[in-house]
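The structure appears right after this line, and notes come after that.
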There are 2 protein chains.
Amino acid sequence: MNSHAVSVMLLSFGVLLCFARALGEVAQRLRQPAVLGELLAGVLLGPTVLGNVSPELGLFLFPPQGPNAVAMDTIATLAIVFFLMVAGIEVDLSTLWKQGKAGLKVGMASIAVPFFFAFLVAWLAPQALGKQPDANPLVFALVLAIAMSISALPIIAKTLMDMDLYRSDLGMVVISAAIFNDLIGWIVFAIILGLMGESADRGNNIMQTITLTIAFAAGILTIGRWLIHRVLPFVQAYTRWPGGELSFALILAMLGAAFTEWIGIHAIFGAFLVGAAIGDSAHLRESTRVTIDHFVSFIFAPVFFASIGLKVDFLAHFDLPLVLTVLGLVCVVKLAGGVLGARWGGMPAQEARAVGFAMVSVGAMGIIIGLLALQAGIISQRLSVALVIMAIATSMMSGPGIRLILRPSKRWRLQDSLLSKLFFRELKAVSRRNVIHEMTTAVCEAISGLNIEAIEAAVWDREEALSTGLGKGIALPHARIEGLKEAIVAVGISDTGIDFDAPDGKPANIIFLLLTPRNDPRVQLVIGSEIARCFREPKMLEQVLRTKNFTDFLALIKSFR
Amino acid sequence: MNSHAVSVMLLSFGVLLCFARALGEVAQRLRQPAVLGELLAGVLLGPTVLGNVSPELGLFLFPPQGPNAVAMDTIATLAIVFFLMVAGIEVDLSTLWKQGKAGLKVGMASIAVPFFFAFLVAWLAPQALGKQPDANPLVFALVLAIAMSISALPIIAKTLMDMDLYRSDLGMVVISAAIFNDLIGWIVFAIILGLMGESADRGNNIMQTITLTIAFAAGILTIGRWLIHRVLPFVQAYTRWPGGELSFALILAMLGAAFTEWIGIHAIFGAFLVGAAIGDSAHLRESTRVTIDHFVSFIFAPVFFASIGLKVDFLAHFDLPLVLTVLGLVCVVKLAGGVLGARWGGMPAQEARAVGFAMVSVGAMGIIIGLLALQAGIISQRLSVALVIMAIATSMMSGPGIRLILRPSKRWRLQDSLLSKLFFRELKAVSRRNVIHEMTTAVCEAISGLNIEAIEAAVWDREEALSTGLGKGIALPHARIEGLKEAIVAVGISDTGIDFDAPDGKPANIIFLLLTPRNDPRVQLVIGSEIARCFREPKMLEQVLRTKNFTDFLALIKSFR
């Protein structure tokens, strides 16, 4: 790279990051996931808007070929690898396992249903969808079917994180489904690529790819996980803090990503699996996790999501009827797949609809498939543009869709549910098990008509599945209870603190016991996020510990904005 | 980039970072700056060693052309830009100003003295130094003179940071001298490039470059600094924490770097100046600074310094007499320049010698000049290799040289004295008297040549005079022992706790037995205050009680900041 290329590269990275972060912030202000703004930044700076307003400036900043294009590719690739590593670290393997059955069903339905229907439509009406005249109709239908059934793991993960749903039960079902969908999608895509003749020897390698993928995933999640857990203390003890741990995580992620890319599935899987294995180790220090998370979520991820829009001009070869057809078709088949899978997995109707919207994102995968099929002469340029628009549009509608479904009718505030008879200033229990017993007993004494054994069992089951210690001294044991009409929020305070296995290792001083109606999963999420919001400032905890009675406590909560 | 290139890229980044970090850690263990090991990693993985041992593997991992070479360039460029931004943030503008006079004198002498003598030698004996027969002797002498007088700001900054000297008065003199040297060096180099005919229109632009450089530096350090200070609180208030501040800093650094690269001096200056302006604002949060610093110092910087060695084969065209001549000449002239400048600036002799060694690094600049002069047919291939070796060798000798002269009384840290044979996880004793007996006995068994009765008596006498229970579960029985050469720190842990009559009434769970040399009362104070500092947080005690063995304990102490 000569001096000119270096200077353009730095300028283009700076401008891209600036737009992505600014629009991401705007999106969040409008209560949308940041990823929506980040994707939009790419559309604005790419050929679609900037390229049409000022083609010279567009080509100068983001040339489609040459060293600067490679530089952008490099950063986007590293960004997505590190982002998926963070998504892996954040994922809780034990919950993933427990939600596995529902996740598997959603994953299977979310690929099979869209694939079947999209294939059917493409097979019956190829010309209407923009098949090239001399392309093989079977290959055409297969390509369109896979492009419409794959889900974008990175976008789904980012949307859920942006909405604070990533670690919820709903989030874990969606993530396990997306992993499954993506893995199957990549393997099917590899088979179709063989049929497309993109690489002649690919057909022979498919079995090898599948075998290696399974072996790698199993290896990382068993031996790899065990090894990482053993090696981490040595890295911490014998290298400079925190450099050893930090580079250990990034090196493993890059090597894992290189391996999965090499065996024929995408680099993101290796990074995700390595992240999951690292995040599972109790030795990983919170401060390292936070450093990585901040740098990746606020620098790398915005650059990656913005870079998606840089590649395509959504206006050239724009064919409105085709775009609407493709978009309508993909929305129907993907929503149907997600909702059916979630219902099949035993989820209530409202949650199932949210899952449907979460799985609707096609993302970068759809763009890659569209471009490859165009190069192979299978689809028309109009269709490739329609596929790209579909990929971005579905990614953008996912977050707003989830918000629309889960939206609380009126914004719930903590103070609305606080009752003095459900406020226990001095908890006696000193363990997780005992405090749940103490609080459920007290609640059932204060409110008549509750089945004390069933409630305690439900809360404890949930607690055992995944600790509800939020960190910062807060714990939120909860359960959804059959027959309950309204949410019950009990507050217990322990001056000594109770170990709730929180991510930051701190004992919980304030325990919110949260019982919500069985058939309304939304309430639980709303209350949980409101409590987390209230106690974001560490000062709040100190002030609560200084309160003497319910009035003090209520005043404090109300004065919090 | 196709799938193969992506997979190779991730693999090569992973391997490079792994080697750089590992050798950096080794260097630090040997009490050398980490940058020495990081530079060595590049030499090992580059054409010099790996390229000769296994040329296929070398070319596969680090190809000199093509997309993977551009990818490596991209990362190295971003790394050096962000590293210089951190160096800028860390720099204290007011100190820089105060040391400015000395710095200016060192900077001037460090470029004028070597330039004069190197020019003289190259002018008088061009053939001996490897001038190409048909090259202009004036240009040849000028190129050699500038290659021998420039200093490598990044390497100097990294070396000083690695040695904890960056923010010292000495460090600030050296840094301001290096900035001055580098700025002048780049401008002189631009003039010589014009003479070399590398870019025909360059000659006309030199005045423009100089004007723009001065205007940019002045603008950033006055209006820019003021604006950043005003804007930062808004960024903090109206964006998600800490993403806004983090990306604000990186975006400005990239834009500043793009600008200085564009006006014809190197990108690092823009990044450095922006960093200095940001770091000067009292609004910049410590946690943001730490996040950036960790990511840059432990990930980006090692990759950059390692990448330097990837470009050149130090063995091909290796000419020992020429290498020794060039290396000897540069050491003499640069040391002389630095030392004379420092003495002129009024520094004492010992510090002046340290400054001389600090300014000796030629670094990446020397490599760039060598390669450009080779392409222009001015110097022979033998000389270009000699220049590169000189650049790396001087960078490597700088740190050891400073250490040799200053022998800094390094800050003692608890982890430096911990030994697994002096760690007793489960103390049996339950009283003060018995635990002192138990621990002194165990220490005298682990370390030979100690008089057990005398030591136990001395510790117990001290303990009886005034209890050593510090409170918060810590006790620090100690004594000064005749004939001891080095401090001995033994650690005993008691899960039940032992009454040490502490001011807070709590029993001691961690007992540090501290034996120090009779004639050095300072050591005891230093160790005592360091232990108290480590255990200021009550959480620390809890975490220690959860450790199972020495490795866990050491990891915990090290990860404490």
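Residue numbering restarts at 1 for every chain of the structure tokens, chains are lettered A, B, ... in their displayed order, and ligands are numbered from 1 as they appear.
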### Query
Could you pull the residues within 12 Å of Leu315 of chain A, counting only C-alpha atoms, minus those fewer than 4 positions along the same chain, as a VMD selection string?
chain A and resid 43 46 to 53 319 to 320 323 381 to 382 384 to 386 388 to 389
May I have the selected residues written with all heavy atoms, as a compact mmCIF listing (two decimals), in the first residue's frame?
```
# COMPACT_ATOMS: atom_id res chain seq x y z
N VAL A 43 -25.58 1.59 3.96
CA VAL A 43 -26.41 1.91 2.80
C VAL A 43 -26.19 3.37 2.38
O VAL A 43 -26.06 3.68 1.20
CB VAL A 43 -27.90 1.64 3.11
CG1 VAL A 43 -28.78 2.07 1.95
CG2 VAL A 43 -28.10 0.16 3.42
N GLY A 46 -22.60 3.68 0.96
CA GLY A 46 -22.29 2.77 -0.14
C GLY A 46 -22.79 3.30 -1.47
O GLY A 46 -23.20 4.46 -1.58
N PRO A 47 -22.77 2.44 -2.48
CA PRO A 47 -23.18 2.87 -3.82
C PRO A 47 -24.64 3.33 -3.89
O PRO A 47 -24.98 4.12 -4.78
CB PRO A 47 -22.97 1.62 -4.69
CG PRO A 47 -22.52 0.54 -3.79
CD PRO A 47 -22.30 1.06 -2.43
N THR A 48 -25.47 2.86 -2.96
CA THR A 48 -26.90 3.19 -3.06
C THR A 48 -27.16 4.69 -2.92
O THR A 48 -27.86 5.27 -3.74
CB THR A 48 -27.68 2.45 -1.97
OG1 THR A 48 -27.20 1.11 -1.91
CG2 THR A 48 -29.16 2.47 -2.26
N VAL A 49 -26.60 5.31 -1.88
CA VAL A 49 -26.87 6.74 -1.69
C VAL A 49 -25.66 7.58 -2.10
O VAL A 49 -25.70 8.31 -3.10
CB VAL A 49 -27.28 7.04 -0.23
CG1 VAL A 49 -27.51 8.53 -0.04
CG2 VAL A 49 -28.55 6.27 0.12
N LEU A 50 -24.54 7.47 -1.36
CA LEU A 50 -23.37 8.29 -1.69
C LEU A 50 -22.92 8.04 -3.13
O LEU A 50 -22.58 8.98 -3.85
CB LEU A 50 -22.23 7.99 -0.71
CG LEU A 50 -20.97 8.81 -0.93
CD1 LEU A 50 -21.23 10.29 -0.67
CD2 LEU A 50 -19.82 8.34 -0.05
N GLY A 51 -22.94 6.78 -3.55
CA GLY A 51 -22.51 6.43 -4.90
C GLY A 51 -23.38 7.08 -5.97
O GLY A 51 -22.93 7.30 -7.10
N ASN A 52 -24.63 7.35 -5.65
CA ASN A 52 -25.50 8.02 -6.61
C ASN A 52 -25.43 9.53 -6.50
O ASN A 52 -25.53 10.24 -7.50
CB ASN A 52 -26.94 7.54 -6.43
CG ASN A 52 -27.19 6.26 -7.20
OD1 ASN A 52 -27.00 6.21 -8.42
ND2 ASN A 52 -27.55 5.20 -6.51
N VAL A 53 -25.24 10.03 -5.28
CA VAL A 53 -25.16 11.48 -5.07
C VAL A 53 -23.83 12.00 -5.61
O VAL A 53 -23.77 12.98 -6.34
CB VAL A 53 -25.31 11.81 -3.58
CG1 VAL A 53 -25.07 13.30 -3.34
CG2 VAL A 53 -26.69 11.41 -3.08
N ASP A 319 -36.04 -3.54 -9.19
CA ASP A 319 -37.27 -3.97 -9.84
C ASP A 319 -38.32 -4.12 -8.75
O ASP A 319 -38.37 -5.15 -8.06
CB ASP A 319 -36.99 -5.29 -10.57
CG ASP A 319 -38.24 -5.85 -11.23
OD1 ASP A 319 -39.36 -5.39 -10.91
OD2 ASP A 319 -38.09 -6.75 -12.06
N LEU A 320 -39.14 -3.08 -8.59
CA LEU A 320 -40.03 -3.03 -7.43
C LEU A 320 -40.92 -4.27 -7.29
O LEU A 320 -40.96 -4.87 -6.21
CB LEU A 320 -40.88 -1.75 -7.45
CG LEU A 320 -41.73 -1.56 -6.18
CD1 LEU A 320 -40.85 -1.39 -4.95
CD2 LEU A 320 -42.66 -0.35 -6.31
N VAL A 323 -38.81 -7.11 -6.09
CA VAL A 323 -38.37 -6.91 -4.70
C VAL A 323 -39.51 -7.22 -3.74
O VAL A 323 -39.33 -7.94 -2.76
CB VAL A 323 -37.88 -5.46 -4.50
CG1 VAL A 323 -37.72 -5.15 -3.02
CG2 VAL A 323 -36.56 -5.24 -5.23
N GLN A 381 -29.59 -10.12 -12.76
CA GLN A 381 -29.08 -9.06 -11.92
C GLN A 381 -30.20 -8.45 -11.07
O GLN A 381 -30.00 -8.11 -9.91
CB GLN A 381 -28.44 -7.97 -12.79
CG GLN A 381 -27.31 -7.28 -12.07
CD GLN A 381 -26.19 -6.86 -13.00
OE1 GLN A 381 -26.40 -6.61 -14.19
NE2 GLN A 381 -25.00 -6.77 -12.46
N ARG A 382 -31.40 -8.36 -11.66
CA ARG A 382 -32.54 -7.85 -10.92
C ARG A 382 -32.81 -8.68 -9.68
O ARG A 382 -33.04 -8.17 -8.60
CB ARG A 382 -33.81 -7.88 -11.80
CG ARG A 382 -33.81 -6.92 -13.00
CD ARG A 382 -35.09 -7.12 -13.77
NE ARG A 382 -35.27 -8.53 -14.15
CZ ARG A 382 -36.38 -9.24 -13.92
NH1 ARG A 382 -37.43 -8.67 -13.36
NH2 ARG A 382 -36.45 -10.51 -14.28
N SER A 384 -30.66 -10.64 -8.14
CA SER A 384 -29.58 -10.55 -7.14
C SER A 384 -29.76 -9.30 -6.30
O SER A 384 -29.55 -9.33 -5.08
CB SER A 384 -28.21 -10.59 -7.82
OG SER A 384 -27.84 -9.33 -8.28
N VAL A 385 -30.16 -8.20 -6.93
CA VAL A 385 -30.42 -6.98 -6.16
C VAL A 385 -31.59 -7.20 -5.21
O VAL A 385 -31.55 -6.81 -4.03
CB VAL A 385 -30.70 -5.79 -7.11
CG1 VAL A 385 -31.27 -4.62 -6.33
CG2 VAL A 385 -29.42 -5.38 -7.82
N ALA A 386 -32.63 -7.87 -5.70
CA ALA A 386 -33.79 -8.12 -4.84
C ALA A 386 -33.39 -8.97 -3.64
O ALA A 386 -33.84 -8.75 -2.51
CB ALA A 386 -34.89 -8.82 -5.64
N VAL A 388 -30.43 -9.06 -2.22
CA VAL A 388 -29.65 -8.24 -1.29
C VAL A 388 -30.57 -7.34 -0.47
O VAL A 388 -30.43 -7.20 0.75
CB VAL A 388 -28.60 -7.42 -2.06
CG1 VAL A 388 -27.95 -6.42 -1.14
CG2 VAL A 388 -27.55 -8.34 -2.66
N ILE A 389 -31.55 -6.72 -1.17
CA ILE A 389 -32.50 -5.86 -0.45
C ILE A 389 -33.26 -6.69 0.58
O ILE A 389 -33.43 -6.28 1.73
CB ILE A 389 -33.46 -5.18 -1.45
CG1 ILE A 389 -32.67 -4.21 -2.31
CG2 ILE A 389 -34.58 -4.47 -0.71
CD1 ILE A 389 -33.48 -3.53 -3.39
```
### Task
Give me the RMSD in Å over all C-alpha atoms, paired in order, after least-squares superposition of chain A onto chain B.
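Chain B versus chain A: RMSD of 10.9 Å.
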### Task
List every residue of segment 345-503 of chain A that DSSP, applied to the backbone of this structure, assigns to strand (DSSP E or B), and report them as number ranges by chain.
A: 379, 423-424, 469-471, 474-475, 478-481, 488-498
#### Entry: Atomic distance atom CA of Ser94 of chain A - atom CA of Lys506 of chain A, expressed in Å with one decimal
21.2 Å
### Message
Give me, as a PyMOL selection string, the residues of chain B touching chain A, with the criterion being at most 8 Å (counting only C-alpha atoms).
### Response
chain B and resi 1+3-4+6-11+13-15+17-18+21+25+67+70-71+73-75+77-78+239-240+242-244+246-248+250-252+254-255+257-259+261-262+267+291-292+294-295+297-299+539+551-552+554-556+558-559
### Message
If we count only C-alpha atoms and set the cut-off at 10 Å, which residues sit around Arg225 of chain A, ignoring sequence neighbours fewer than 2 positions away in its own chain? Please answer as a PyMOL selection string.
### Response
chain A and resi 218-223+227-231+273-281
Save the residues we just selected, N, CA, C and O atoms, as a short mmCIF file (atom, residue, chain, number, x, y, z; two decimals), in the first residue's frame?
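Below is the file result24.cif, written as the result:
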```cif
data_model
loop_
_atom_site.label_atom_id
_atom_site.label_comp_id
_atom_site.auth_asym_id
_atom_site.auth_seq_id
_atom_site.Cartn_x
_atom_site.Cartn_y
_atom_site.Cartn_z
N ALA A 218 -17.53 -30.80 18.58
CA ALA A 218 -17.51 -31.70 19.74
C ALA A 218 -16.19 -31.55 20.49
O ALA A 218 -16.16 -31.48 21.72
N GLY A 219 -15.08 -31.46 19.74
CA GLY A 219 -13.76 -31.36 20.37
C GLY A 219 -13.63 -30.09 21.20
O GLY A 219 -13.19 -30.12 22.35
N ILE A 220 -14.03 -28.96 20.60
CA ILE A 220 -13.90 -27.68 21.29
C ILE A 220 -14.76 -27.65 22.55
O ILE A 220 -14.34 -27.18 23.61
N LEU A 221 -15.96 -28.19 22.45
CA LEU A 221 -16.89 -28.06 23.58
C LEU A 221 -16.63 -29.10 24.67
O LEU A 221 -17.22 -29.03 25.74
N THR A 222 -15.74 -30.06 24.42
CA THR A 222 -15.41 -31.03 25.48
C THR A 222 -13.95 -30.85 25.88
O THR A 222 -13.64 -30.17 26.84
N ILE A 223 -13.04 -31.44 25.08
CA ILE A 223 -11.61 -31.37 25.42
C ILE A 223 -11.13 -29.92 25.44
O ILE A 223 -10.44 -29.48 26.36
N LEU A 227 -9.49 -28.01 28.51
CA LEU A 227 -8.12 -27.51 28.41
C LEU A 227 -8.05 -26.01 28.72
O LEU A 227 -7.18 -25.55 29.47
N ILE A 228 -8.98 -25.25 28.13
CA ILE A 228 -8.99 -23.80 28.34
C ILE A 228 -9.16 -23.50 29.83
O ILE A 228 -8.46 -22.66 30.40
N HIS A 229 -10.07 -24.24 30.45
CA HIS A 229 -10.31 -24.02 31.88
C HIS A 229 -9.06 -24.33 32.70
O HIS A 229 -8.78 -23.68 33.71
N ARG A 230 -8.27 -25.31 32.27
CA ARG A 230 -7.05 -25.67 32.98
C ARG A 230 -5.93 -24.67 32.71
O ARG A 230 -5.14 -24.36 33.59
N VAL A 231 -5.86 -24.20 31.46
CA VAL A 231 -4.72 -23.38 31.05
C VAL A 231 -4.88 -21.92 31.51
O VAL A 231 -3.90 -21.26 31.83
N LEU A 273 -17.59 -20.93 18.63
CA LEU A 273 -17.37 -22.09 19.49
C LEU A 273 -16.23 -21.85 20.47
O LEU A 273 -16.33 -22.19 21.65
N VAL A 274 -15.14 -21.23 19.98
CA VAL A 274 -14.03 -20.92 20.88
C VAL A 274 -14.51 -19.96 21.98
O VAL A 274 -14.21 -20.15 23.16
N GLY A 275 -15.28 -18.96 21.59
CA GLY A 275 -15.83 -18.02 22.56
C GLY A 275 -16.67 -18.73 23.61
O GLY A 275 -16.54 -18.49 24.80
N ALA A 276 -17.53 -19.64 23.15
CA ALA A 276 -18.39 -20.37 24.10
C ALA A 276 -17.54 -21.17 25.08
O ALA A 276 -17.82 -21.21 26.28
N ALA A 277 -16.47 -21.80 24.57
CA ALA A 277 -15.61 -22.60 25.44
C ALA A 277 -14.87 -21.72 26.45
O ALA A 277 -14.74 -22.06 27.62
N ILE A 278 -14.41 -20.54 26.00
CA ILE A 278 -13.70 -19.64 26.91
C ILE A 278 -14.66 -19.07 27.95
O ILE A 278 -14.38 -19.05 29.14
N GLY A 279 -15.82 -18.61 27.47
CA GLY A 279 -16.79 -17.98 28.36
C GLY A 279 -17.30 -18.93 29.42
O GLY A 279 -17.77 -18.50 30.48
N ASP A 280 -17.20 -20.22 29.15
CA ASP A 280 -17.70 -21.20 30.09
C ASP A 280 -16.77 -21.37 31.30
O ASP A 280 -17.17 -21.86 32.34
N SER A 281 -15.51 -20.94 31.15
CA SER A 281 -14.56 -21.12 32.25
C SER A 281 -14.79 -20.08 33.34
O SER A 281 -14.87 -18.89 33.06
#
```
#### Entry: Atom-to-atom span, atom CA of Ile80 of chain B and atom CA of Phe304 of chain B, Å
6.2 Å
### Message
Run DSSP on the backbone and tell me which residues of segment 61-200 of chain A come out as helix (DSSP H, G or I); list them as a PyMOL selection string.
### Response
chain A and resi 61+67-90+93-98+100-124+127-129+137-149+153-162+169-196
### Query
Hey, what's within 12 Å of Gly449 of chain B if we count only C-alpha atoms and toss same-chain stuff fewer than 3 positions away? As JSON, numbers by chain, please?
{"B": [443, 444, 445, 446, 452, 455, 483, 484, 485]}
### Message
Applying 12 Å and only C-alpha atoms, which residues near Leu39 of chain A remain after dropping the ones on its own chain fewer than 6 positions away? List them as a VMD selection string.
### Response
chain A and resid 16 to 17 19 to 24 27 33 45 to 46 155 158 to 159 301 to 311 363 to 364 389 391 to 397
### Task
Show which residues sit within 8 Å of Leu160 of chain B, as a PyMOL selection string. Count only C-alpha atoms, and ignore same-chain residues fewer than 4 positions away.
chain B and resi 156+164-166+171+399
What would the file look like if the residues just selected were written as a PDB file, in the first residue's frame with all heavy atoms?
```pdb
ATOM      1  N   ILE B 156      10.670   3.946  20.573  1.00  0.00           N
ATOM      2  CA  ILE B 156      11.113   4.651  21.772  1.00  0.00           C
ATOM      3  C   ILE B 156       9.971   4.712  22.788  1.00  0.00           C
ATOM      4  O   ILE B 156      10.152   4.419  23.982  1.00  0.00           O
ATOM      5  CB  ILE B 156      11.611   6.065  21.404  1.00  0.00           C
ATOM      6  CG1 ILE B 156      12.911   5.943  20.604  1.00  0.00           C
ATOM      7  CG2 ILE B 156      11.826   6.907  22.645  1.00  0.00           C
ATOM      8  CD1 ILE B 156      13.428   7.260  20.078  1.00  0.00           C
ATOM      9  N   ASP B 164       8.299   1.339  32.293  1.00  0.00           N
ATOM     10  CA  ASP B 164       7.650   2.236  33.260  1.00  0.00           C
ATOM     11  C   ASP B 164       8.368   3.572  33.382  1.00  0.00           C
ATOM     12  O   ASP B 164       8.398   4.186  34.446  1.00  0.00           O
ATOM     13  CB  ASP B 164       7.571   1.591  34.652  1.00  0.00           C
ATOM     14  CG  ASP B 164       6.421   0.605  34.721  1.00  0.00           C
ATOM     15  OD1 ASP B 164       5.469   0.780  33.948  1.00  0.00           O
ATOM     16  OD2 ASP B 164       6.490  -0.320  35.522  1.00  0.00           O
ATOM     17  N   LEU B 165       9.014   4.001  32.298  1.00  0.00           N
ATOM     18  CA  LEU B 165       9.721   5.286  32.347  1.00  0.00           C
ATOM     19  C   LEU B 165       8.999   6.357  31.549  1.00  0.00           C
ATOM     20  O   LEU B 165       9.421   7.508  31.509  1.00  0.00           O
ATOM     21  CB  LEU B 165      11.139   5.134  31.760  1.00  0.00           C
ATOM     22  CG  LEU B 165      12.142   4.356  32.596  1.00  0.00           C
ATOM     23  CD1 LEU B 165      13.426   4.148  31.805  1.00  0.00           C
ATOM     24  CD2 LEU B 165      12.448   5.111  33.886  1.00  0.00           C
ATOM     25  N   TYR B 166       7.867   5.952  30.879  1.00  0.00           N
ATOM     26  CA  TYR B 166       7.261   6.854  29.901  1.00  0.00           C
ATOM     27  C   TYR B 166       6.869   8.194  30.503  1.00  0.00           C
ATOM     28  O   TYR B 166       7.111   9.238  29.927  1.00  0.00           O
ATOM     29  CB  TYR B 166       6.041   6.189  29.264  1.00  0.00           C
ATOM     30  CG  TYR B 166       5.479   6.931  28.083  1.00  0.00           C
ATOM     31  CD1 TYR B 166       6.096   6.850  26.850  1.00  0.00           C
ATOM     32  CD2 TYR B 166       4.336   7.707  28.198  1.00  0.00           C
ATOM     33  CE1 TYR B 166       5.589   7.521  25.749  1.00  0.00           C
ATOM     34  CE2 TYR B 166       3.819   8.380  27.097  1.00  0.00           C
ATOM     35  CZ  TYR B 166       4.456   8.286  25.888  1.00  0.00           C
ATOM     36  OH  TYR B 166       3.944   8.957  24.812  1.00  0.00           O
ATOM     37  N   GLY B 171      11.636  10.337  30.601  1.00  0.00           N
ATOM     38  CA  GLY B 171      10.805   9.859  29.497  1.00  0.00           C
ATOM     39  C   GLY B 171      10.259  11.014  28.677  1.00  0.00           C
ATOM     40  O   GLY B 171      10.243  10.968  27.437  1.00  0.00           O
ATOM     41  N   GLY B 399      16.544  -0.689  24.891  1.00  0.00           N
ATOM     42  CA  GLY B 399      16.031  -1.024  26.227  1.00  0.00           C
ATOM     43  C   GLY B 399      17.104  -1.568  27.157  1.00  0.00           C
ATOM     44  O   GLY B 399      17.321  -1.029  28.253  1.00  0.00           O
TER      45      GLY B 399
END
```
### Message
Which residues are near Ser168 of chain A? Cut-off 10 Å, only C-alpha atoms, ignore same chain within fewer than 5 positions. Put them as JSON, numbers by chain.
### Response
{"A": [95, 160, 173, 174, 524, 525, 528]}
Taking all heavy atoms for each residue, export the selection above as a compact mmCIF listing (two decimals), in the first residue's frame.
```txt
# COMPACT_ATOMS: atom_id res chain seq x y z
N THR A 95 -27.45 -23.26 29.69
CA THR A 95 -28.80 -22.84 29.28
C THR A 95 -29.07 -23.28 27.85
O THR A 95 -30.16 -23.75 27.52
CB THR A 95 -28.95 -21.31 29.30
OG1 THR A 95 -28.15 -20.80 30.34
CG2 THR A 95 -30.38 -20.90 29.49
N LEU A 160 -30.48 -9.18 19.54
CA LEU A 160 -30.86 -9.62 20.89
C LEU A 160 -30.03 -8.90 21.94
O LEU A 160 -30.54 -8.50 22.99
CB LEU A 160 -30.69 -11.13 21.03
CG LEU A 160 -31.66 -11.98 20.20
CD1 LEU A 160 -31.28 -13.45 20.26
CD2 LEU A 160 -33.09 -11.80 20.71
N VAL A 173 -33.18 -19.69 23.23
CA VAL A 173 -33.85 -20.53 22.23
C VAL A 173 -33.51 -20.04 20.83
O VAL A 173 -33.13 -20.81 19.95
CB VAL A 173 -35.39 -20.50 22.43
CG1 VAL A 173 -36.08 -21.15 21.24
CG2 VAL A 173 -35.78 -21.20 23.71
N VAL A 174 -33.60 -18.72 20.64
CA VAL A 174 -33.35 -18.16 19.31
C VAL A 174 -31.90 -18.40 18.89
O VAL A 174 -31.63 -18.79 17.75
CB VAL A 174 -33.69 -16.65 19.29
CG1 VAL A 174 -33.23 -16.02 18.00
CG2 VAL A 174 -35.18 -16.45 19.49
N GLN A 524 -42.27 -10.62 32.56
CA GLN A 524 -41.02 -10.98 33.22
C GLN A 524 -39.84 -10.22 32.61
O GLN A 524 -38.99 -9.69 33.31
CB GLN A 524 -40.84 -12.48 33.04
CG GLN A 524 -39.73 -13.07 33.85
CD GLN A 524 -39.77 -14.57 33.69
OE1 GLN A 524 -40.72 -15.24 34.07
NE2 GLN A 524 -38.73 -15.11 33.12
N LEU A 525 -39.83 -10.14 31.28
CA LEU A 525 -38.75 -9.43 30.60
C LEU A 525 -38.79 -7.94 30.93
O LEU A 525 -37.76 -7.33 31.21
CB LEU A 525 -38.86 -9.61 29.09
CG LEU A 525 -38.74 -11.04 28.60
CD1 LEU A 525 -39.03 -11.11 27.10
CD2 LEU A 525 -37.34 -11.58 28.88
N GLY A 528 -37.77 -7.34 34.56
CA GLY A 528 -36.34 -7.61 34.69
C GLY A 528 -35.50 -6.47 34.14
O GLY A 528 -34.56 -6.00 34.78
```
#### Entry: Of the listed residues B:Val491, B:Leu387, B:Ala475, B:Ala178, that which approaches Phe424 of chain B most closely, counting only C-alpha atoms
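Using only C-alpha atoms, Phe424 of chain B sits closest to B:Val491.
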### Message
Just the number, please: distance in Å from atom CA of Asp520 of chain B to atom CA of Leu476 of chain B, one decimal.
### Response
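It comes out at 17.8 Å.
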